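Following: one structure in structure tokens, then a few remarks.
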Number of protein chains: 2
Amino acid sequence: MKARWALLLAVCSFPLHAAEGMWTLDNLPKAAIAKQYGFKPDAAWIDKVMKSSARLAGGCSGSFVSKDGLVLTNHHCVNSCVQQLSTADKDYIKDGFLAKQREDEVRCPEIEVNRLEQISDVTTALGAATKGKSGEAYAKAQKAEKAKLEAACSGSDKDSTRCEVVELYHGGQYHLYRYHRFQDVRLAFAPELAAAFFGGDPDNFNFPRYDLDMSLLRVYENGAPAKLVNYFPLKPEGLQEGELSLVTGHPGSTQRQLTVAQLELLRDLALPQRLFLASEYRGLLHRYRQEGAEPARIAQSDLFSYENSIKARKGMLEALQDPEVFNFKRKQEAELRAYVAKNPKLKARYGGAWDAVAKAQQTYRNIYWPYRMVELGGGFFSSHFDIARSLVRGAEERAKPNAERLAEFGEARLPEVEQELFSTAPIYPDYEKLKLGFSLTKLREYLGPDHPVVQQVLGKESPEAVAARLVDGTQLSDVASRKALWQGGKAAVDASQDPFIQLVKAIDAPARALRKTYEDQVKAVEDQNAEQIAAARFAMKGASVDPDATFTLRLSYGEVKGWEEKGQWVAPFTTLAGAFERHTGFDPFALPESWFKVRAGLKLDQRFNFVTTNDIIGGNSGSPVINKDAQVVGLVFDGNIRSLGGAYWFDERVNRTVAVHAGAIVEALRQIYGAGNLADELTGK
Amino acid sequence: MKARWALLLAVCSFPLHAAEGMWTLDNLPKAAIAKQYGFKPDAAWIDKVMKSSARLAGGCSGSFVSKDGLVLTNHHCVNSCVQQLSTADKDYIKDGFLAKQREDEVRCPEIEVNRLEQISDVTTALGAATKGKSGEAYAKAQKAEKAKLEAACSGSDKDSTRCEVVELYHGGQYHLYRYHRFQDVRLAFAPELAAAFFGGDPDNFNFPRYDLDMSLLRVYENGAPAKLVNYFPLKPEGLQEGELSLVTGHPGSTQRQLTVAQLELLRDLALPQRLFLASEYRGLLHRYRQEGAEPARIAQSDLFSYENSIKARKGMLEALQDPEVFNFKRKQEAELRAYVAKNPKLKARYGGAWDAVAKAQQTYRNIYWPYRMVELGGGFFSSHFDIARSLVRGAEERAKPNAERLAEFGEARLPEVEQELFSTAPIYPDYEKLKLGFSLTKLREYLGPDHPVVQQVLGKESPEAVAARLVDGTQLSDVASRKALWQGGKAAVDASQDPFIQLVKAIDAPARALRKTYEDQVKAVEDQNAEQIAAARFAMKGASVDPDATFTLRLSYGEVKGWEEKGQWVAPFTTLAGAFERHTGFDPFALPESWFKVRAGLKLDQRFNFVTTNDIIGGNSGSPVINKDAQVVGLVFDGNIRSLGGAYWFDERVNRTVAVHAGAIVEALRQIYGAGNLADELTGK
């Protein structure tokens, strides 16, 4: 769960152009694109784009780039897989990974790739199910209807079909998305981290930039590379300044349609508090990594995630602290409320929505820390804990009718649970103790030493002692023992003496109670009233607004363009030569040996990274930049620092998407990495 | 510098009573005290209280408690001294310290104790010096006049006299404070940290509480205990609920009189950003301490300071995020501005002050990070750096006329500089590398890798490599080499090849430039306009308002009283028995062995800690709680969590001071620590 959100909020961010918008593929602003760039996407183009776009279920985007199932995405989207495949003896993060031939491709234990097949509007069905209900009844009815729709959609084919009901406009519309599911996903190529993330945290969210933040996966079916009809070929020539750039992908989450009360909660509570905790964790990991080569290797992926999300959240917080942004939000809301207030019919229907949402925020404030620490697991940073909770809850939930289960254990979602549960990714005991011991001290700090859950968990022991006892005593590192408990169901789990199973059971009642309060008194109120606010907005503006991002497929359009920063014009392209100039020899400014070996033969004036005005956000990481011929001309991997306010509003003047140039990808594969075969496959040679 | 601010913001905080106010001793609200508690302090009482109150120059309060120079203060006020006196073989933090006889008392290398002797109003002199000036000219004239007044005040007697011009009402009044200075301050007693800080960070700022947060110092003159005329004897019976409690001490800093624009800067920039950085540092030290007994010992004091100031600042931030607080502030400011606007004469004089301050905040925002990291040393956490800067700047500044020096090198202040510079406190190379390496990565992070100072400092090296090279290469750990450079002046410093001296010199021009911008364009504007706002406030309200805290002697009055928290009444007293009940055996809930050894003989119903309604804040740590007979009935060591908003406003309902009961001090000294002689000395037996 954590990794997912880290990635959603991850490297990639939210830039853009005069054309604000992350548009669903069934509602593209075709006229506007045509008017501005002389290109009008037709149904065939849209269908091809939809089916050539890939979704990495963990929280990234990608694209299918060959008929044999090759998937192009970022290095930072597969970083945790690369780490999971590494050992003390062979560190692919440091050295990079290349499968010389297809047989050498290695399965990533936790990566699932999805391809969108169909979108259906289920707003009416959801509306009928929740009509006249509120609070707990509303939440229950909505959950049941969603589970029913999802189960019917995936049918018996759930191993290769993934169905999800998606809320658009925070509940103004509901769509059912049907995906083709690939769980056998293998790593074909990843460069050294030093090349993928050159400049590291200091250069993250900045530009000019020099990152080969790419990787190649391959989806398999029945043990062989999947055969694809739809995919995007690469066009190494890329785009010129001012040319139309289209980005397809899965932006994770924007908050442009939240009420002012919700934004205040983010500004005053959620963002700063999460940053305090994440910053502390970052310091801890920073030191842990200095303790030796193995700690450095083991904690690399987590530290990257923390640093990345810290930088992103700081940018988001700064945007909300900007009076200009908040005044704009207040004005926007006041206008809509005034419009509603003027019309008696609208007023009767929607007039109370904003105050209801504000009241739910107060409830949320009151449960914020217990809910975060106990139910969302903030007090239990531990892979073993996550596994134990899946086992305990999975046993209990699977015994219930589908409609009544916790959403994540719905019939249609079990393949994902099983993939995580049976993952062969290594778990390191010392690192587990570090993480769990630390988070238990935070549990105590945030809830207070006298809170019943804290007393239950710590008793008269210290956090470190509890962590050591649990990690030393558990069997859950062993995949076979997890399988036995999963398959044994409730009886097996009840009989288990595993200390993590015992821990999860001991706190499950208060954890579920907190979740219930959140779902009934916060989430349900937000959803129900967001429906009303969305309806009011439609009444005022029509469907000219794109829905907030929801980690579903969107298309944004823009162009290659620099911007002005502190009075200086930032040019839109960098070159390979620039990377060598920025090299110092010290991490994170140390290009790998492999680059220096072939420097003389490299096309140094090859464009390397570039910026566009597309409207994207975290989750778009790995998105292809395509041209109007549906060819890949770039690979989105970041936004500039000014784009971080894109979570809340769109500022066409300074927000930019940052991408790897298609030509640099091909040049690096051929000249640096000896992967001509992959370059041929990408370019259709 | 850092330690000072950490302590200023430290454990102790800001509670209070119907009687808001940290009153200067020349302006006590005598009538109000008399009306409410039937006690009217006379001139003799006030003089005795002033001369029995102690100021620890590092940022704490205390009281003289015997004719032979004994000073009562908190353990956390001498924690760094106790650590400095400890070694790998003998850890006084863990074991406590007791000088069985006076000859065993050991000098604290960095503690200076002051006793206030005289207050003079110098508002007129300052006003005359700065009249008609603004910006740089204002700052320069003010600095020169202050230096002149201070030098004249301390005269040739600067080793035993300390003089400081203090701004009250943020510049509305200026007072010259003359102190007697004690630099030979020896440790007589400190309990084990486990007893002093029982409950640790989890219980910090909370109540009920069970802390023996006390220590005893003794001031020496000419090698013998100083003979004192004025001191407070202890009264072990303490106070009953509802009795008048008086607190005398040195509250560090409140912001109750700041403008809304200044509060916004604190809320949106200074507080959260410092919390992000401090949280990360906390995580780093948390891990470092887990690496072994020596790292744990070495980093204890710093980690304590960070945790303490983090908790305090979080409380302050939460207060500013509370709409009730900010609305109150806005209203207060709007009323004063309306009052000024109505009166043409006031308007002409003071009407522009608020906008001018707001404009200065914008300037401050722009230089915030460079100023913090480069001039305030945030990018250079290192004792060696601090020493090198004192040497480099000291050499340069002492060559100038007194009036033109940087304030901290004014003639009157040199004894303090020399005490720090020649301190025998140990410096640990590995720990220095950790701190410096980390802070250099923050320097790079906050200024960006392309900032000229970052380029200058790091060149093509990593932060860790630079830190290692500097620490390995320096001679400044050696006190004699510091003395030689200090006495050798500019010639010696210019000739020095010490890498820290070189570093300080390399960045001194930009650092000074940032300071100049801050002093001329932020501080001078704030001061000048605060004078006007204060004058406007006087015009509206008279002198019925106490000045914001400035680490100068104040008296607050209140009473022993519990409060209601989440619907529960919190009783004002705890007992020794309660500490044993809360004991778990695991740090920080592990009472020391010494307590268990004598448990049977202890008066377990002895009151231990208690709360009062006094108005205090960080810097009041170590303040005596006295009764109207000027006897010590308690020792302030904390405020409750609700008191943290006291930085900005006074909420009599929930803000409380937390103190150690005088009876518990005596009981512990006699029964647990075998220090009957000290107990006798304290109680005048």
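Residues are referred to by chain and number: the chain letter is A, B, ... according to the order shown in the structure tokens, the number counts from 1 in that chain, and ligands are numbered separately from 1 in the order shown.
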
Contact set, chain B to chain A: 9 Å, only C-alpha atoms, as an NGL selection string: :B and (199 or 201-203 or 268-269 or 272 or 275-288 or 318 or 321-322 or 434 or 438 or 441 or 444-446 or 448-449 or 459-462 or 583-589)

Grab the residues selected above and save them as a CSV table (one decimal), in the first residue's frame with N, CA and C atoms.
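This is the output file selection-v7.csv:
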chain,number,residue,atom,x,y,z
B,199,GLY,N,9.7,9.6,31.4
B,199,GLY,CA,8.6,9.8,30.4
B,199,GLY,C,9.1,10.3,29.1
B,201,ASP,N,10.5,12.0,25.7
B,201,ASP,CA,9.8,12.8,24.7
B,201,ASP,C,8.3,12.5,24.7
B,202,PRO,N,7.8,11.2,24.9
B,202,PRO,CA,6.4,11.0,24.9
B,202,PRO,C,5.6,11.8,25.9
B,203,ASP,N,6.2,12.0,27.1
B,203,ASP,CA,5.5,12.7,28.1
B,203,ASP,C,5.8,14.2,28.2
B,268,ASP,N,3.6,30.0,7.6
B,268,ASP,CA,3.7,29.4,6.3
B,268,ASP,C,5.2,29.1,5.9
B,269,LEU,N,6.1,29.7,6.6
B,269,LEU,CA,7.5,29.5,6.2
B,269,LEU,C,8.4,29.0,7.3
B,272,PRO,N,7.1,25.7,9.7
B,272,PRO,CA,7.1,24.4,9.1
B,272,PRO,C,8.4,24.0,8.5
B,275,LEU,N,10.8,22.9,11.0
B,275,LEU,CA,10.3,21.5,11.5
B,275,LEU,C,10.7,20.4,10.5
B,276,PHE,N,10.7,20.7,9.2
B,276,PHE,CA,11.1,19.7,8.3
B,276,PHE,C,12.5,19.3,8.5
B,277,LEU,N,13.3,20.4,8.6
B,277,LEU,CA,14.8,20.1,8.7
B,277,LEU,C,15.1,19.5,10.1
B,278,ALA,N,14.5,20.0,11.1
B,278,ALA,CA,14.8,19.4,12.4
B,278,ALA,C,14.3,18.0,12.5
B,279,SER,N,13.2,17.7,11.9
B,279,SER,CA,12.6,16.3,11.9
B,279,SER,C,13.6,15.3,11.2
B,280,GLU,N,14.2,15.8,10.1
B,280,GLU,CA,15.1,14.9,9.4
B,280,GLU,C,16.4,14.7,10.3
B,281,TYR,N,16.8,15.8,10.9
B,281,TYR,CA,18.0,15.7,11.7
B,281,TYR,C,17.7,14.7,12.9
B,282,ARG,N,16.5,14.8,13.4
B,282,ARG,CA,16.1,13.9,14.5
B,282,ARG,C,16.2,12.5,14.1
B,283,GLY,N,15.7,12.2,12.9
B,283,GLY,CA,15.7,10.8,12.4
B,283,GLY,C,17.2,10.3,12.3
B,284,LEU,N,18.0,11.2,11.8
B,284,LEU,CA,19.4,10.8,11.7
B,284,LEU,C,20.1,10.5,13.0
B,285,LEU,N,19.8,11.4,14.0
B,285,LEU,CA,20.4,11.1,15.3
B,285,LEU,C,19.8,9.9,16.0
B,286,HIS,N,18.5,9.7,15.8
B,286,HIS,CA,17.8,8.5,16.3
B,286,HIS,C,18.6,7.3,15.9
B,287,ARG,N,18.9,7.2,14.6
B,287,ARG,CA,19.6,6.0,14.2
B,287,ARG,C,21.1,6.0,14.7
B,288,TYR,N,21.7,7.2,14.6
B,288,TYR,CA,23.1,7.2,15.1
B,288,TYR,C,23.2,6.7,16.5
B,318,GLU,N,0.6,24.6,15.4
B,318,GLU,CA,-0.8,24.2,15.5
B,318,GLU,C,-1.7,25.4,16.0
B,321,GLN,N,-2.2,27.6,13.2
B,321,GLN,CA,-3.1,27.0,12.2
B,321,GLN,C,-4.6,27.0,12.6
B,322,ASP,N,-4.8,27.3,13.9
B,322,ASP,CA,-6.1,27.3,14.5
B,322,ASP,C,-6.8,28.6,14.0
B,434,LEU,N,29.5,13.4,10.9
B,434,LEU,CA,28.1,13.1,10.7
B,434,LEU,C,27.3,14.4,10.5
B,438,PHE,N,25.9,15.8,6.9
B,438,PHE,CA,24.5,15.9,6.7
B,438,PHE,C,24.1,17.4,6.4
B,441,THR,N,24.7,18.4,2.9
B,441,THR,CA,23.7,18.0,1.9
B,441,THR,C,22.5,18.8,2.0
B,444,ARG,N,23.2,22.0,0.1
B,444,ARG,CA,23.0,21.8,-1.4
B,444,ARG,C,21.5,21.7,-1.7
B,445,GLU,N,20.8,21.0,-0.8
B,445,GLU,CA,19.4,20.8,-1.1
B,445,GLU,C,18.6,22.1,-1.1
B,446,TYR,N,18.8,22.9,-0.1
B,446,TYR,CA,18.0,24.1,0.0
B,446,TYR,C,18.4,25.3,-0.9
B,448,GLY,N,20.3,24.6,-3.8
B,448,GLY,CA,20.5,24.1,-5.1
B,448,GLY,C,21.9,23.8,-5.4
B,449,PRO,N,22.2,22.8,-6.2
B,449,PRO,CA,23.6,22.4,-6.5
B,449,PRO,C,24.4,23.5,-7.3
B,459,GLY,N,32.6,22.1,-4.4
B,459,GLY,CA,33.4,21.9,-5.6
B,459,GLY,C,33.0,20.6,-6.3
B,460,LYS,N,33.9,19.8,-6.6
B,460,LYS,CA,33.5,18.5,-7.2
B,460,LYS,C,33.5,17.4,-6.2
B,461,GLU,N,33.4,17.7,-4.9
B,461,GLU,CA,33.4,16.6,-3.9
B,461,GLU,C,31.9,16.4,-3.4
B,462,SER,N,31.8,15.3,-2.7
B,462,SER,CA,30.5,15.0,-2.0
B,462,SER,C,30.5,15.7,-0.7
B,583,HIS,N,6.3,3.4,35.9
B,583,HIS,CA,7.5,2.7,35.5
B,583,HIS,C,7.2,1.4,34.7
B,584,THR,N,7.9,1.2,33.6
B,584,THR,CA,7.8,0.0,32.8
B,584,THR,C,9.1,-0.8,32.8
B,585,GLY,N,10.2,-0.1,33.1
B,585,GLY,CA,11.5,-0.7,33.1
B,585,GLY,C,12.2,-0.4,31.7
B,586,PHE,N,11.5,0.1,30.8
B,586,PHE,CA,12.1,0.5,29.5
B,586,PHE,C,12.2,2.0,29.3
B,587,ASP,N,13.4,2.4,29.0
B,587,ASP,CA,13.6,3.8,28.7
B,587,ASP,C,12.5,4.3,27.7
B,588,PRO,N,11.8,5.4,27.8
B,588,PRO,CA,12.1,6.5,28.9
B,588,PRO,C,11.2,6.3,30.1
B,589,PHE,N,10.6,5.1,30.3
B,589,PHE,CA,9.7,4.9,31.4
B,589,PHE,C,10.4,4.0,32.5

Residues within 8 Å of Val560 in chain B, only C-alpha atoms, excluding chain neighbours under 5 positions, as a list in words: Leu239, Gln240, Glu241, Gly242, Glu243, Leu244, Ser245, Pro572, Phe610, Val611, Thr612 and Thr613 of chain B

Where in range 408-619 of chain B does DSSP assign strand (DSSP E or B), given as a list in words? Arg554, Leu555, Ser556, Tyr557, Gly558, Glu559, Val560, Trp563, Glu564, Glu565, Gln568, Trp569, Val570, Phe573, Thr574, Thr575, Arg607, Phe608, Asn609, Phe610, Val611 and Thr612 of chain B

Prev. selection, N, CA and C atoms, output as a PDB file, in the first residue's frame:
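This went into again-v7.pdb:
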ATOM      1  N   ARG B 554      11.387  38.612  34.088  1.00  0.00           N
ATOM      2  CA  ARG B 554       9.962  38.918  34.161  1.00  0.00           C
ATOM      3  C   ARG B 554       9.370  38.207  35.360  1.00  0.00           C
ATOM      4  N   LEU B 555       8.250  38.735  35.787  1.00  0.00           N
ATOM      5  CA  LEU B 555       7.500  38.061  36.838  1.00  0.00           C
ATOM      6  C   LEU B 555       6.087  37.814  36.333  1.00  0.00           C
ATOM      7  N   SER B 556       5.599  36.596  36.565  1.00  0.00           N
ATOM      8  CA  SER B 556       4.197  36.335  36.254  1.00  0.00           C
ATOM      9  C   SER B 556       3.516  35.819  37.505  1.00  0.00           C
ATOM     10  N   TYR B 557       2.231  36.101  37.607  1.00  0.00           N
ATOM     11  CA  TYR B 557       1.516  35.624  38.790  1.00  0.00           C
ATOM     12  C   TYR B 557       0.368  34.732  38.357  1.00  0.00           C
ATOM     13  N   GLY B 558       0.004  33.805  39.227  1.00  0.00           N
ATOM     14  CA  GLY B 558      -1.071  32.864  38.922  1.00  0.00           C
ATOM     15  C   GLY B 558      -1.381  32.078  40.176  1.00  0.00           C
ATOM     16  N   GLU B 559      -1.860  30.875  39.969  1.00  0.00           N
ATOM     17  CA  GLU B 559      -2.188  30.055  41.141  1.00  0.00           C
ATOM     18  C   GLU B 559      -2.108  28.582  40.767  1.00  0.00           C
ATOM     19  N   VAL B 560      -2.066  27.740  41.777  1.00  0.00           N
ATOM     20  CA  VAL B 560      -2.073  26.297  41.554  1.00  0.00           C
ATOM     21  C   VAL B 560      -3.487  25.891  41.149  1.00  0.00           C
ATOM     22  N   TRP B 563      -6.922  21.765  35.100  1.00  0.00           N
ATOM     23  CA  TRP B 563      -7.691  22.269  33.966  1.00  0.00           C
ATOM     24  C   TRP B 563      -8.478  21.122  33.339  1.00  0.00           C
ATOM     25  N   GLU B 564      -9.405  21.515  32.465  1.00  0.00           N
ATOM     26  CA  GLU B 564     -10.230  20.501  31.819  1.00  0.00           C
ATOM     27  C   GLU B 564      -9.677  20.166  30.441  1.00  0.00           C
ATOM     28  N   GLU B 565      -9.413  18.887  30.222  1.00  0.00           N
ATOM     29  CA  GLU B 565      -8.853  18.442  28.938  1.00  0.00           C
ATOM     30  C   GLU B 565      -9.758  17.355  28.375  1.00  0.00           C
ATOM     31  N   GLN B 568     -12.244  15.961  30.713  1.00  0.00           N
ATOM     32  CA  GLN B 568     -11.753  15.405  31.979  1.00  0.00           C
ATOM     33  C   GLN B 568     -11.025  16.487  32.765  1.00  0.00           C
ATOM     34  N   TRP B 569     -11.273  16.543  34.071  1.00  0.00           N
ATOM     35  CA  TRP B 569     -10.529  17.475  34.912  1.00  0.00           C
ATOM     36  C   TRP B 569      -9.173  16.861  35.256  1.00  0.00           C
ATOM     37  N   VAL B 570      -8.126  17.594  34.953  1.00  0.00           N
ATOM     38  CA  VAL B 570      -6.778  17.131  35.294  1.00  0.00           C
ATOM     39  C   VAL B 570      -6.386  17.766  36.618  1.00  0.00           C
ATOM     40  N   PHE B 573      -1.849  18.090  41.102  1.00  0.00           N
ATOM     41  CA  PHE B 573      -0.667  17.484  41.737  1.00  0.00           C
ATOM     42  C   PHE B 573      -0.476  16.026  41.335  1.00  0.00           C
ATOM     43  N   THR B 574       0.785  15.595  41.251  1.00  0.00           N
ATOM     44  CA  THR B 574       1.079  14.154  41.211  1.00  0.00           C
ATOM     45  C   THR B 574       1.910  13.815  42.449  1.00  0.00           C
ATOM     46  N   THR B 575       2.138  12.520  42.677  1.00  0.00           N
ATOM     47  CA  THR B 575       2.932  12.106  43.845  1.00  0.00           C
ATOM     48  C   THR B 575       4.090  11.210  43.409  1.00  0.00           C
ATOM     49  N   ARG B 607       4.018  15.147  47.295  1.00  0.00           N
ATOM     50  CA  ARG B 607       3.675  15.745  45.995  1.00  0.00           C
ATOM     51  C   ARG B 607       4.942  15.875  45.157  1.00  0.00           C
ATOM     52  N   PHE B 608       4.815  15.568  43.874  1.00  0.00           N
ATOM     53  CA  PHE B 608       6.001  15.464  43.025  1.00  0.00           C
ATOM     54  C   PHE B 608       6.012  16.611  42.002  1.00  0.00           C
ATOM     55  N   ASN B 609       5.065  16.620  41.084  1.00  0.00           N
ATOM     56  CA  ASN B 609       4.966  17.704  40.103  1.00  0.00           C
ATOM     57  C   ASN B 609       3.619  18.382  40.277  1.00  0.00           C
ATOM     58  N   PHE B 610       3.508  19.620  39.819  1.00  0.00           N
ATOM     59  CA  PHE B 610       2.224  20.317  39.914  1.00  0.00           C
ATOM     60  C   PHE B 610       2.104  21.359  38.808  1.00  0.00           C
ATOM     61  N   VAL B 611       0.875  21.816  38.605  1.00  0.00           N
ATOM     62  CA  VAL B 611       0.646  22.820  37.556  1.00  0.00           C
ATOM     63  C   VAL B 611       0.065  24.092  38.153  1.00  0.00           C
ATOM     64  N   THR B 612       0.410  25.185  37.486  1.00  0.00           N
ATOM     65  CA  THR B 612      -0.105  26.503  37.885  1.00  0.00           C
ATOM     66  C   THR B 612      -0.575  27.255  36.640  1.00  0.00           C
TER      67      THR B 612
END

Residues flagged helix (DSSP H, G or I) by DSSP in range 363-570 of chain B, as number ranges by chain: B: 363-375, 383-398, 402-404, 407-409, 411-421, 429-447, 452-458, 463-473, 479-495, 499-541

Using only C-alpha atoms for the distances, tell me which of A:Ala675, A:Ile616, A:Val471, A:Val65 is nearest to Leu553 in chain A. A:Ile616

Skip range 24-40 of chain A itself and residues of its chain fewer than 3 positions away, then list as a PyMOL selection string all residues within 12 Å of it, counting only C-alpha atoms. chain A and resi 17-21+43-51+53+116-121+166+168-169+175+177+242-251+543-559+627-629

Smallest atom-to-atom distance to Gln671 in chain B: which of B:Ala600, B:Ala195, B:Ser623, B:Thr657, using only C-alpha atoms?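 Once distances to Gln671 in chain B are computed over only C-alpha atoms, the minimum belongs to B:Ala600.
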
Give me the residues near Ala261 in chain B as a PyMOL selection string, where near means some atom within 9 Å (using only C-alpha atoms) and where sequence neighbours in that chain fewer than 2 positions away do not count. chain B and resi 258-259+263-266+354-355+357-359+361

Residue contacts of Phe409 in chain A (8 Å, only C-alpha atoms) excluding same-chain residues fewer than 5 positions away, as a PyMOL selection string: chain A and resi 394+397-398+414+417

List the neighbours of Val457 in chain A out to 12 Å using only C-alpha atoms; skip same-chain residues closer than 5 positions along the sequence, and give me the result as a PyMOL selection string. chain A and resi 374+379-380+436-437+439-441+443-444+449-452+462-467+469-470+499-500+502-508

Which polymer residues have any atom within 10 Å of an atom of Asn222 in chain B, counting only C-alpha atoms, with same-chain residues fewer than 3 positions away left out, as a list in words?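 The residues that qualify are Asp184, Pro225 and Ala226 of chain B.
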
Between CA of Tyr220 in chain B and CA of His75 in chain B, distance in Å (one decimal): 19.6 Å

Using only C-alpha atoms, the best pick from B:Ile298, B:Ala630, B:Leu458, B:Ala535 as closest to Ser80 in chain B would be B:Ile298

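Reported to one decimal place, the separation of CA of Asp498 in chain A from CA of Leu514 in chain A is 24.7 Å.
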
Restricting the calculation to only C-alpha atoms: of B:Gln497, B:Ser383, B:Gln262, B:Asn79, which residue gets closest to Phe197 in chain B? B:Asn79

Here is a test: counting only C-alpha atoms, which residue of A:Lys516, A:Lys235, A:Lys561, A:Lys329 is nearest to Gln631 in chain A?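 Residue with the minimum atom-to-atom distance to Gln631 in chain A: A:Lys235.
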
Which residue gives the smallest distance to Val229 in chain A among A:Arg515, A:Ser52, A:Ala188, A:Leu485, with only C-alpha atoms counted?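 Of A:Arg515, A:Ser52, A:Ala188, A:Leu485, the one nearest Val229 in chain A, counting only C-alpha atoms, is A:Ser52.
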